[in-house]
Amino acid sequence: MRYIPHTQDEIGQMLDTLGVNNIDTLFDCIPAKLRLKRPLELPAPLDEQSLSGLLSDLAADNPAAGMTSFIGAGAYAHHVPAAVDQLLLRGEFFTAYTPYQPEVSQGTLQAVFEYQSMIAELFGCEVVNASMYDGATAAAEALLMALRIKRKRQGILVARSNHPEVRSVCETYLGEMQARPEEIPMTSGGTCDLDALESMLGDDVAAVLVQQPNALGCLEDLPRIAEIVQRASALLVVSVLEPFSLGLLEAPVKLGADIVCGEGMGLGSGLNFGGPGLGLFGCSKKNVWQMPGRLVGETTDDRGRRGYVLTMSSREQHIRRARATSNICSNEGLCALAAAIHLSLLGKRGFVKLAEINAANARAACSLLGSLPGVERAFDAPFFNEFTLRLSADPEIVLRRLESHGILGGIALGRFYSEFKDCLLVCVTELNTESQLEALAAGLES
Amino acid sequence: MNIPSELKYTQDHEWVRVEDNVVTVGISDYAQEELGDIVNIELPDEDDEVHKSEAFGAVESVKASSEVFAPASGKVLEINEPLLDAPETINEDPYDEGWMIKIEISNPSELDDLMDASAYEKYIKEELK
């Protein structure tokens with residue numbers, strides 16, 4: 001689809017057809033007192049040179065952009081190849097939305113289909129939708145979906161080891177429902193308490209939400225969890241906030257997940273001051289009619305040629321109204337496309353290699369930092385690219401000191417977990433060099 | 001349009017076969033024609049309670065989604081399980097293979113306001129006007 005503005009001639013023709021004199025007349029239905037009768041108070045237009053100067057000045061107000069970062073905690077920094085942005089800028093693709101007359105935009109639909117197929121492979125899912133707003137809302141929608149599938153059950157269990165902001169969004173989404181999410185406690189080892197899970201799993205529980213790797217960087221014992229959840233005939237929802245972990249870890253569905261959700265910001269979009277996110281969402285074919293969001297399908301036209309359509313739309317709000325599976329009528333089209341391009345550029349081997357580099361860098365960092373005086377590894381559980389350290393000094397003070405050396409050293413876990421006030425959550429990706437790590441070690445040591 | 005004379009009909013275009021205190025429910029030939037290609041249906045579980053004039057399930061076509069309403073209150077005795085995997089059966093054979101649920105009704109007088117075939121035929125003609 002092309003995006004070409006209307007000419008004055010075309011606007012004139014349309015107004016003639018409508019029989020009105022000017023565009024303002026079209027807004028007569030809005031009461032006069034609600035209409036703004038003056039121009040917007042915007043600054044005067046700038047020439048290109050002044051504008052780029054202004055934007056550089058604004059960017060310079062963000063010192064964090066130039067700092068070395070070891071922060072993960074749900075938003076993982078990865079290298080985005082220049083080709084991703086170059087391709088995103090193509091006019092045919094450059095829109096945030098799935099188009100409203102979808103079938104004329106075969107290229108967009110094919111790109112979304114490719115995105116769905118690639119994420120489906122990572123998750124081990126039969127079906128992946130065209131994407132949700134972000135990882136947190138995807139998790140909340142997964143729980144709502146589970147309640148629709150298990151319509152006679154009202155219970156939702158959310159592991160405390162899920163990211164606290166994801167838990168909070170789930171509580172907001174479920175707040176108006178009869179279902180109230182209950183928290184599964186965490187062991188002192190930094191993983192979901194499986195004994196507690198087992199005892200909390202009554203026959204009223206529809207779903208259990210677990211994050212892998214969890215909010216403290218630890219790997220949960222997913223096969224065990226799946227076994228416990230299946231025994232109670234509940235659904236297991238696995239939240240993957242760091243999809244690159246799937247370059248090394250088995251696909252969640254193969255370990256027993258029923259619904260997989262996650263955050264795809266790291267795939268092609270980058271951190272961008274916190275957003276936009278990309279909500280990943282997949283499930284089995286059996287449950288597809290309860291799935292939220294849009295879905296692109298591949299089919300053939302009346303002459304047998306391959307084509308793409310938005311399919312199973314009667315789940316959606318524009319057809320199903322109040323009984324729709326979700327109020328999401330859109331997707332993160334551009335971010336999904338960025339993810340598809342990024343994944344294509346990496347390829348299967350590149351994706352695995354990148355995961356290996358992340359794991360190796362984090363491993364090296366963990367043993368270096370863990371051997372410093374006053375610093376120890378907090379948990380024994382295996383991890384991917386993020387791990388928790390226990391400090392003898394106050395993590396908040398240590399972080400402030402590191403900041404003065406241009407290093408964002410991680411997240412003081414006390415912010416999320418009062419029981420881990422002495423802990424620091426550190427993330428190491430392919431972007432962190434050996435000299436950055438040495439600088440972090442030197443800062444932690446002093 | 002096929003409107004079997006031995007069946008009763010609701011204003012929401014369900015058909016009802018009454019056998020003692022058990023009723024079989026589906027949607028009429030007219031309803032399936034209006035909906036078009038049916039791609040998904042939702043049914044209750046066996047032993048669920050249903051209530052007269054309340055939705056017990058849904059029928060979805062490519063472009064529309066409609067709820068299906070219980071003609072009388074009672075307990076779901078049986079559902080047409082194969083229909084869940086082959087919803088197009090409703091298009092092909094709405095009155096026989098396309099039945100949806102059987103209800104053990106608790107109050108037969110709730111069936112009194114159903115239409116017979118000729119009343120239903122008139123009702124559709126009114127609706128088409």
# chains A, B, ... in the order shown; residues from 1 in each chain; ligands from 1
$ interface_residues --of "chain A" --to "chain B" --cutoff "10 Å" --atoms "only C-alpha atoms" --output "ChimeraX atom specification"
/A:151-152,286,289,311-316,318-321,323-324
$ closest_atom_pairs --of "region 66-139 of chain A" --to "region 379-390 of chain A" --cutoff "10 Å" --atoms "only C-alpha atoms" --output "CSV"
residue,atom,partner,partner_atom,distance
A:Phe70,CA,A:Glu386,CA,9.0
A:Ile71,CA,A:Glu386,CA,8.9
A:Gly72,CA,A:Glu386,CA,7.1
A:Ala73,CA,A:Glu386,CA,8.2
A:Tyr76,CA,A:Asn385,CA,9.3
$ select_by_dssp --residues "region 235-438 of chain A" --states "strand (DSSP E)" --output "JSON, numbers by chain"
{"A": [235, 236, 237, 238, 239, 240, 259, 260, 261, 262, 263, 279, 280, 281, 282, 283, 296, 297, 298, 299, 300, 306, 307, 308, 309, 310, 375, 376, 377, 386, 387, 388, 389, 390, 391, 407, 408, 411, 412, 423, 424, 425, 426, 427]}
$ write_last_selection --atoms "C-alpha atoms" --output "PDB file, in the first residue's frame"
ATOM      1  CA  LEU A 235      -3.018 -24.473  31.870  1.00  0.00           C
ATOM      2  CA  LEU A 236       0.636 -23.441  32.000  1.00  0.00           C
ATOM      3  CA  VAL A 237       1.371 -19.962  30.646  1.00  0.00           C
ATOM      4  CA  VAL A 238       5.060 -19.277  30.099  1.00  0.00           C
ATOM      5  CA  SER A 239       6.282 -15.705  29.766  1.00  0.00           C
ATOM      6  CA  VAL A 240       9.533 -15.196  27.849  1.00  0.00           C
ATOM      7  CA  ILE A 259       0.230 -20.680  26.051  1.00  0.00           C
ATOM      8  CA  VAL A 260       3.481 -18.800  25.508  1.00  0.00           C
ATOM      9  CA  CYS A 261       3.725 -15.024  25.716  1.00  0.00           C
ATOM     10  CA  GLY A 262       6.664 -12.673  25.802  1.00  0.00           C
ATOM     11  CA  GLU A 263       8.425  -9.437  25.006  1.00  0.00           C
ATOM     12  CA  GLY A 279       3.915  -8.661  22.603  1.00  0.00           C
ATOM     13  CA  LEU A 280       4.678 -12.209  21.491  1.00  0.00           C
ATOM     14  CA  PHE A 281       1.781 -14.653  21.774  1.00  0.00           C
ATOM     15  CA  GLY A 282       1.331 -18.276  20.783  1.00  0.00           C
ATOM     16  CA  CYS A 283      -0.849 -21.280  21.575  1.00  0.00           C
ATOM     17  CA  VAL A 296      -2.644 -13.829   9.316  1.00  0.00           C
ATOM     18  CA  GLY A 297      -3.206 -17.051   7.427  1.00  0.00           C
ATOM     19  CA  GLU A 298      -1.852 -18.406   4.168  1.00  0.00           C
ATOM     20  CA  THR A 299      -4.330 -19.645   1.612  1.00  0.00           C
ATOM     21  CA  THR A 300      -4.910 -19.858  -2.141  1.00  0.00           C
ATOM     22  CA  ARG A 306      -0.770 -18.351  -2.846  1.00  0.00           C
ATOM     23  CA  GLY A 307      -2.225 -15.441  -0.901  1.00  0.00           C
ATOM     24  CA  TYR A 308      -2.516 -14.100   2.639  1.00  0.00           C
ATOM     25  CA  VAL A 309      -5.614 -13.128   4.615  1.00  0.00           C
ATOM     26  CA  LEU A 310      -6.607 -12.030   8.093  1.00  0.00           C
ATOM     27  CA  VAL A 375      30.432  -9.952  46.263  1.00  0.00           C
ATOM     28  CA  GLU A 376      28.939 -13.438  45.831  1.00  0.00           C
ATOM     29  CA  ARG A 377      26.576 -15.165  43.473  1.00  0.00           C
ATOM     30  CA  GLU A 386      21.280 -12.246  33.652  1.00  0.00           C
ATOM     31  CA  PHE A 387      22.220 -13.210  37.210  1.00  0.00           C
ATOM     32  CA  THR A 388      21.932 -11.962  40.770  1.00  0.00           C
ATOM     33  CA  LEU A 389      24.827 -11.002  43.029  1.00  0.00           C
ATOM     34  CA  ARG A 390      24.711 -10.534  46.790  1.00  0.00           C
ATOM     35  CA  LEU A 391      26.746  -7.544  47.981  1.00  0.00           C
ATOM     36  CA  ILE A 407      28.357   2.610  34.315  1.00  0.00           C
ATOM     37  CA  LEU A 408      24.755   1.484  34.846  1.00  0.00           C
ATOM     38  CA  ILE A 411      19.129  -3.150  39.164  1.00  0.00           C
ATOM     39  CA  ALA A 412      19.113  -3.072  42.963  1.00  0.00           C
ATOM     40  CA  CYS A 423      21.114  -8.099  45.848  1.00  0.00           C
ATOM     41  CA  LEU A 424      22.084  -6.684  42.481  1.00  0.00           C
ATOM     42  CA  LEU A 425      20.606  -7.980  39.201  1.00  0.00           C
ATOM     43  CA  VAL A 426      23.204  -7.844  36.428  1.00  0.00           C
ATOM     44  CA  CYS A 427      22.622  -8.470  32.710  1.00  0.00           C
TER      45      CYS A 427
END
$ closest_residue --among "B:Asp112, B:Glu81, B:Asn91, B:Ser73" --to "Glu34 (chain B)" --atoms "only C-alpha atoms"
B:Asn91
$ atom_distance --atom1 "CA of Phe27 (chain A)" --atom2 "CA of Pro5 (chain A)"
20.2 Å
$ closest_residue --among "B:Ile79, B:Ala55, B:Ala117, B:Ile90" --to "Asp29 (chain B)" --atoms "only C-alpha atoms"
B:Ile90
$ closest_residue --among "B:Gln11, B:Ser106, B:Asn21, B:Ser118" --to "Phe69 (chain B)" --atoms "only C-alpha atoms"
B:Gln11
$ closest_residue --among "B:Glu14, B:Ala31, B:Asp96, B:Asp116" --to "Ala70 (chain B)" --atoms "only C-alpha atoms"
B:Glu14
